[in-house]
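Source file work-v5.cif; content: mmCIF, C-alpha atoms.
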```
data_model
#
loop_
_atom_site.label_atom_id
_atom_site.label_comp_id
_atom_site.auth_asym_id
_atom_site.auth_seq_id
_atom_site.Cartn_x
_atom_site.Cartn_y
_atom_site.Cartn_z
CA MET P 995 -23.69 4.35 21.25
CA MET P 996 -20.61 5.99 19.81
CA LYS P 997 -17.47 5.43 21.90
CA PRO P 998 -14.81 8.02 21.07
CA ILE P 999 -11.17 7.05 21.41
CA ILE P 1000 -9.29 9.15 23.94
CA PHE P 1001 -5.91 10.52 22.91
CA LEU P 1002 -3.14 12.35 24.67
CA ILE P 1003 -2.91 16.03 23.92
CA SER P 1004 -0.64 17.27 21.16
CA PHE P 1005 2.76 18.75 21.87
CA SER P 1006 1.71 22.32 21.30
CA ASN P 1007 4.15 23.94 23.72
CA PHE P 1008 7.44 22.25 22.81
CA ILE P 1009 10.56 24.39 23.07
CA VAL P 1010 12.28 23.71 19.78
CA SER P 1011 15.79 24.35 18.54
CA PHE P 1012 17.00 21.84 15.89
CA VAL P 1013 15.88 19.35 13.26
CA ASP P 1014 17.90 16.85 11.28
CA GLY P 1015 17.45 17.49 7.57
CA GLY P 1016 16.65 13.83 7.03
CA ASN P 1017 19.11 11.02 6.28
CA CYS P 1018 16.72 8.27 5.29
CA LEU P 1019 16.93 6.34 2.07
CA LYS P 1020 14.72 7.27 -0.85
CA ALA P 1021 11.81 4.90 -1.45
CA SER P 1022 11.99 2.87 -4.66
CA THR P 1023 9.60 3.71 -7.46
CA SER P 1024 10.64 0.90 -9.82
CA GLU P 1025 7.61 -1.34 -9.28
CA ALA P 1026 5.11 -1.03 -12.13
CA ILE P 1027 1.51 -0.45 -11.08
CA ALA P 1028 -1.61 -0.89 -13.22
CA GLU P 1029 -5.16 0.13 -12.40
CA ASP P 1030 -8.26 -1.96 -12.59
CA ILE P 1031 -11.98 -1.54 -11.86
CA PHE P 1032 -13.76 -3.61 -9.23
CA ASP P 1033 -17.56 -3.69 -9.22
CA GLU P 1034 -18.00 -2.60 -5.62
CA GLU P 1035 -19.86 0.61 -4.87
CA VAL P 1036 -17.75 3.04 -2.90
CA ASN P 1037 -18.87 6.45 -1.73
CA ASN P 1038 -15.85 8.69 -1.31
CA THR P 1039 -17.68 11.99 -1.65
CA PHE P 1040 -16.49 14.58 0.86
CA VAL P 1041 -16.15 18.31 1.27
CA PRO P 1042 -12.61 19.45 2.21
CA VAL P 1043 -12.36 21.43 5.43
CA PHE P 1044 -9.96 24.35 5.27
CA ALA P 1045 -8.40 25.06 8.67
CA PRO P 1046 -7.17 28.51 9.73
CA VAL P 1047 -3.54 29.26 8.91
CA GLU P 1048 -2.43 28.95 12.55
CA TYR P 1049 -3.97 25.46 12.78
CA GLN P 1050 -2.13 24.42 9.64
CA GLU P 1051 1.14 25.68 11.10
CA ASP P 1052 0.53 23.75 14.33
CA TYR P 1053 -0.02 20.60 12.28
CA ARG P 1054 3.11 21.24 10.20
CA MET P 1055 5.13 21.48 13.40
CA GLU P 1056 3.60 18.25 14.68
CA VAL P 1057 4.65 16.49 11.46
CA LEU P 1058 8.14 17.97 11.83
CA ILE P 1059 8.42 16.66 15.39
CA THR P 1060 7.17 13.21 14.42
CA ASN P 1061 9.62 13.10 11.50
CA THR P 1062 12.44 13.60 13.98
CA PHE P 1063 11.27 10.60 16.01
CA ILE P 1064 10.90 8.53 12.83
CA GLU P 1065 14.42 9.39 11.71
CA ASN P 1066 15.70 8.24 15.11
CA ALA P 1067 13.79 4.96 14.81
CA PHE P 1068 15.16 4.47 11.29
CA ARG P 1069 18.75 4.97 12.42
CA ALA P 1070 18.19 2.66 15.40
CA GLY P 1071 16.85 -0.12 13.14
CA ARG P 1072 13.49 -0.08 14.94
CA LEU P 1073 11.23 1.54 12.35
CA GLU P 1074 10.07 -1.72 10.77
CA GLN P 1075 8.97 -3.02 14.16
CA ILE P 1076 7.12 0.22 14.94
CA ILE P 1077 5.32 0.13 11.59
CA THR P 1078 4.32 -3.52 12.03
CA GLU P 1079 2.88 -2.79 15.48
CA LEU P 1080 0.85 0.13 14.11
CA VAL P 1081 -0.43 -1.96 11.19
CA ASP P 1082 -1.48 -4.77 13.53
CA ASP P 1083 -3.29 -2.40 15.93
CA ASN P 1084 -6.88 -2.67 14.74
CA VAL P 1085 -8.22 -1.29 18.01
CA HIS P 1086 -6.82 2.25 18.14
CA PHE P 1087 -6.18 2.50 14.40
CA LYS P 1088 -9.03 0.45 12.95
CA ASP P 1089 -9.40 2.65 9.86
CA PHE P 1090 -6.67 2.16 7.27
CA VAL P 1091 -6.45 5.85 6.37
CA ILE P 1092 -5.30 6.64 9.93
CA ILE P 1093 -2.14 4.54 9.74
CA ASN P 1094 -1.64 5.66 6.14
CA SER P 1095 -1.67 9.28 7.31
CA MET P 1096 0.69 8.50 10.18
CA ILE P 1097 3.19 6.45 8.19
CA ALA P 1098 3.11 7.48 4.54
CA ALA P 1099 0.91 10.48 3.86
CA PRO P 1100 1.08 13.19 6.55
CA ASP P 1101 0.90 15.82 3.80
CA ASP P 1102 -2.56 14.68 2.63
CA ARG P 1103 -4.75 16.70 4.99
CA ASP P 1104 -7.96 15.19 3.63
CA LEU P 1105 -7.22 11.52 4.32
CA LEU P 1106 -9.09 11.37 7.62
CA LEU P 1107 -12.23 12.52 5.83
CA PHE P 1108 -12.37 8.99 4.40
CA VAL P 1109 -12.75 7.22 7.75
CA ASP P 1110 -15.50 4.61 7.78
CA SER P 1111 -16.53 4.87 11.43
CA GLU P 1112 -17.41 7.85 13.57
CA GLU P 1113 -15.85 5.97 16.48
CA THR P 1114 -12.44 6.39 14.85
CA VAL P 1115 -12.02 10.07 15.61
CA ILE P 1116 -13.00 12.38 18.41
CA PRO P 1117 -16.34 13.75 17.20
CA SER P 1118 -15.96 17.16 18.83
CA ASP P 1119 -12.68 17.87 17.03
CA ASP P 1120 -12.06 19.22 13.56
CA ASN P 1121 -10.09 17.31 10.92
CA MET P 1122 -6.83 19.15 11.57
CA THR P 1123 -6.98 18.45 15.30
CA ASN P 1124 -7.52 14.74 14.65
CA LEU P 1125 -4.57 14.72 12.25
CA LYS P 1126 -2.40 16.23 15.00
CA HIS P 1127 -3.56 13.61 17.51
CA TYR P 1128 -2.41 10.75 15.29
CA GLN P 1129 0.94 12.36 14.47
CA TYR P 1130 1.51 12.87 18.18
CA ASN P 1131 0.61 9.26 18.94
CA MET P 1132 3.10 7.94 16.40
CA GLY P 1133 5.84 10.16 17.80
CA LEU P 1134 4.95 9.11 21.34
CA LYS P 1135 5.09 5.43 20.42
CA ILE P 1136 8.62 5.83 19.05
CA LYS P 1137 9.66 8.05 21.96
CA ASN P 1138 8.60 5.40 24.47
CA ALA P 1139 10.01 2.47 22.47
CA LEU P 1140 13.44 4.06 22.13
CA GLY P 1141 13.48 5.88 25.47
CA LEU P 1142 13.97 9.24 23.78
CA GLY P 1143 13.63 12.69 25.25
CA ASP P 1144 11.77 15.58 23.68
CA PRO P 1145 13.16 16.42 20.23
CA ALA P 1146 15.07 19.63 19.61
CA ILE P 1147 13.76 21.38 16.51
CA ASP P 1148 14.66 24.60 14.74
CA GLU P 1149 11.32 26.28 14.20
CA THR P 1150 12.97 28.86 11.96
CA GLN P 1151 13.21 26.19 9.25
CA SER P 1152 10.03 26.70 7.27
CA LEU P 1153 9.88 23.37 5.46
CA ALA P 1154 6.61 23.02 3.57
CA LEU P 1155 4.25 20.24 4.59
CA GLU P 1156 4.78 18.58 1.20
CA THR P 1157 8.55 18.55 1.83
CA LEU P 1158 8.01 17.00 5.25
CA GLY P 1159 5.80 14.34 3.69
CA HIS P 1160 8.56 13.52 1.21
CA LYS P 1161 11.10 13.25 4.03
CA ARG P 1162 8.72 10.98 5.95
CA ARG P 1163 8.42 8.62 2.97
CA GLU P 1164 12.20 8.53 2.51
CA CYS P 1165 12.29 6.76 5.88
CA THR P 1166 9.06 4.80 5.94
CA GLY P 1167 9.02 3.68 2.28
CA PRO P 1168 12.11 1.44 2.50
CA ALA P 1169 11.04 0.22 5.96
CA ILE P 1170 7.62 -0.87 4.67
CA LYS P 1171 9.14 -2.63 1.68
CA ASN P 1172 11.62 -4.46 3.93
CA THR P 1173 8.81 -5.47 6.28
CA ILE P 1174 6.75 -6.98 3.45
CA GLN P 1175 9.81 -8.65 1.90
CA HIS P 1176 10.79 -10.21 5.22
CA ILE P 1177 7.30 -11.66 5.62
CA LEU P 1178 7.40 -13.16 2.13
CA ASP P 1179 10.99 -14.45 2.52
CA GLU P 1180 10.31 -16.11 5.86
CA LEU P 1181 7.16 -17.85 4.67
CA VAL P 1182 8.51 -18.66 1.17
CA TYR P 1183 5.77 -20.71 -0.54
CA ASN P 1184 3.77 -21.37 2.60
CA LEU P 1185 1.91 -18.08 2.93
CA PRO P 1186 -0.89 -18.53 5.48
CA ASP P 1187 -4.39 -18.02 4.15
CA THR P 1188 -5.83 -16.60 7.37
CA ASP P 1189 -7.88 -13.46 7.83
CA ASP P 1190 -5.23 -11.90 10.09
CA PHE P 1191 -2.53 -12.44 7.46
CA LEU P 1192 -4.76 -11.01 4.73
CA ILE P 1193 -5.51 -7.90 6.80
CA ARG P 1194 -1.84 -7.33 7.65
CA MET P 1195 -0.64 -7.74 4.05
CA CYS P 1196 -3.44 -5.57 2.70
CA ARG P 1197 -2.72 -2.73 5.11
CA LEU P 1198 1.04 -2.96 4.52
CA THR P 1199 0.52 -2.95 0.75
CA GLY P 1200 -1.72 0.11 0.89
CA ILE P 1201 0.85 2.03 2.92
CA TYR P 1202 3.67 0.87 0.67
CA LEU P 1203 1.87 2.02 -2.48
CA SER P 1204 1.12 5.38 -0.85
CA ALA P 1205 4.78 5.82 0.11
CA THR P 1206 6.02 4.78 -3.33
CA PHE P 1207 3.45 6.64 -5.44
CA PRO P 1208 2.47 9.69 -3.33
CA GLU P 1209 0.61 11.29 -6.21
CA SER P 1210 -2.10 8.65 -5.75
CA PHE P 1211 -2.45 7.94 -2.02
CA ILE P 1212 -4.58 4.92 -1.16
CA ASN P 1213 -7.63 6.30 0.65
CA ARG P 1214 -9.77 3.20 1.08
CA LEU P 1215 -9.16 -0.47 1.74
CA ARG P 1216 -11.61 -3.32 1.26
CA ILE P 1217 -11.12 -7.05 1.83
CA ASN P 1218 -13.19 -9.66 0.03
CA TYR P 1219 -12.83 -12.52 2.49
CA GLU P 1220 -14.70 -14.97 0.28
CA ASP P 1221 -12.37 -14.53 -2.71
CA ARG P 1222 -9.37 -13.66 -0.47
CA ASP P 1223 -8.87 -10.37 -2.30
CA CYS P 1224 -7.33 -7.13 -1.02
CA ILE P 1225 -8.82 -4.14 -2.86
CA LEU P 1226 -7.02 -0.81 -2.52
CA TYR P 1227 -8.66 2.38 -3.77
CA HIS P 1228 -7.38 5.75 -4.89
CA GLY P 1229 -10.49 7.83 -5.40
CA PRO P 1230 -13.93 6.25 -5.73
CA TRP P 1231 -13.23 3.75 -8.53
CA GLN P 1232 -9.52 3.46 -9.29
CA ASN P 1233 -8.31 0.36 -7.54
CA LYS P 1234 -5.67 -2.33 -7.31
CA ILE P 1235 -6.44 -5.92 -6.34
CA TYR P 1236 -3.95 -8.21 -4.58
CA ARG P 1237 -4.15 -11.81 -3.48
CA ILE P 1238 -1.95 -14.81 -2.69
CA HIS P 1239 -1.04 -16.66 -5.90
CA ASN P 1240 1.50 -19.48 -6.12
CA GLY P 1241 3.05 -18.52 -2.83
CA ASP P 1242 3.47 -14.85 -3.65
CA TRP P 1243 1.60 -11.62 -2.92
CA THR P 1244 0.34 -10.72 -6.38
CA GLN P 1245 -1.55 -7.96 -8.15
CA ILE P 1246 -4.43 -9.08 -10.35
CA LEU P 1247 -4.33 -7.15 -13.62
CA PRO P 1248 -6.92 -6.99 -16.43
CA GLY P 1249 -7.14 -10.20 -18.41
CA GLY P 1250 -6.15 -12.32 -15.43
CA ILE P 1251 -2.49 -11.28 -15.61
CA MET P 1252 -0.64 -11.81 -12.31
CA ARG P 1253 2.16 -9.49 -11.20
CA PRO P 1254 4.08 -9.88 -7.92
CA LEU P 1255 4.16 -6.78 -5.72
CA PHE P 1256 7.95 -6.72 -6.02
CA LEU P 1257 9.23 -7.43 -9.52
CA ASN P 1258 12.85 -7.85 -8.47
#
```
Turn this file's structure into structure tokens for me.
Amino acid sequence: MMKPIIFLISFSNFIVSFVDGGNCLKASTSEAIAEDIFDEEVNNTFVPVFAPVEYQEDYRMEVLITNTFIENAFRAGRLEQIITELVDDNVHFKDFVIINSMIAAPDDRDLLLFVDSEETVIPSDDNMTNLKHYQYNMGLKIKNALGLGDPAIDETQSLALETLGHKRRECTGPAIKNTIQHILDELVYNLPDTDDFLIRMCRLTGIYLSATFPESFINRLRINYEDRDCILYHGPWQNKIYRIHNGDWTQILPGGIMRPLFLN
């Protein structure tokens, strides 16, 4: 029997007066990425759902509010911890595209249409409402962690959703990269080959690639536990494969070429 997850309601009635324009660092785009084909059948066929204009504006405001919380977490040096906790939460955010939407791709309104389980979203709600729920939950997590009050936002600033997504990635992109780098630096050449480690690194890598290359958001994640492979998809067939190799987290390119996630 399907067990829907219960969420708190969205902040639809906030009194708003100010928003920081965004002071986060720009995510690096220097890492080279190549695409490969993996012989696993994936069905990513979906029909986009176009929400009424007022619903889209409500969602844009929710993203704006959450961005304000994220900027506060970034300045407080807590964003990496928040991201790690979200990535490790496979109960409330069991589908990768949910945390990808929350952290790296709030401007992709179709991401939640790629969820694998009907238990992931509230079945009675439309896609836009579910998107708002997850944005609210990320903002609430930061609000509680930092002991913040309600944000003050200037609703007269009509920043486009795509602009807000860019501002989100300016904060979360560097934080994700630092999180991955810290994991690799701490473990050096003794990377654990456990399922939990593989899941964490795979989810972090998918979010990092989405934040760094927003023109090709990762919309599906698969783990081959037998071969210890992380397979990240953009679209039905374009994919990138990562695995542990010689103590590093490495992309497997055509011809067996190995390339570390971070080249520098």
Considering all atoms listed in the file, state which residue in the set P:Ile1170, P:Val1057, P:Ile1193, P:Leu1125 is at the smallest distance from Asp1083 (chain P).
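So, comparing all the options, the nearest one is P:Ile1193.
Using only C-alpha atoms, the shortest contact distance between Ile1177 (chain P) and any of P:Asn1066, P:Thr1078, P:Thr1060, P:Ser1095 is found at P:Thr1078.
Take CA of His1239 (chain P) and CA of Glu1209 (chain P): the distance between them is 28.0 Å.
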How would you write, as a ChimeraX atom specification, the residues chosen by the PyMOL selection byres ((chain P and resi 1058) around 9) on this structure?
/P:1013,1053-1057,1059-1062,1147,1153,1155,1158
Just the residues within 12 Å of Phe1090 (chain P), please, counting all atoms listed in the file, with nothing from its chain fewer than 6 positions along; format it as a PyMOL selection string.
chain P and resi 1080-1084+1096-1099+1105-1111+1114+1193-1194+1196-1201+1204+1211-1217+1226-1227
Could you tell me how far CA of Ile1225 (chain P) lies from CA of Gln1245 (chain P), in Å and to one decimal?
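Going from CA of Ile1225 (chain P) over to CA of Gln1245 (chain P), I get 9.8 Å.
The gap separating CA of Glu1156 (chain P) from CA of Asp1101 (chain P) is 5.4 Å, in Å to one decimal.
Proximity ranking of P:Leu1134, P:Ile1235, P:Ile1077, P:Leu1192 relative to Lys1171 (chain P) places P:Ile1077 first, based on only C-alpha atoms.
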Looking at all atoms listed in the file, which of P:Phe1207, P:Tyr1219, P:Phe1256, P:Tyr1128 is the one that sits closest to Ile1174 (chain P)?
P:Phe1256
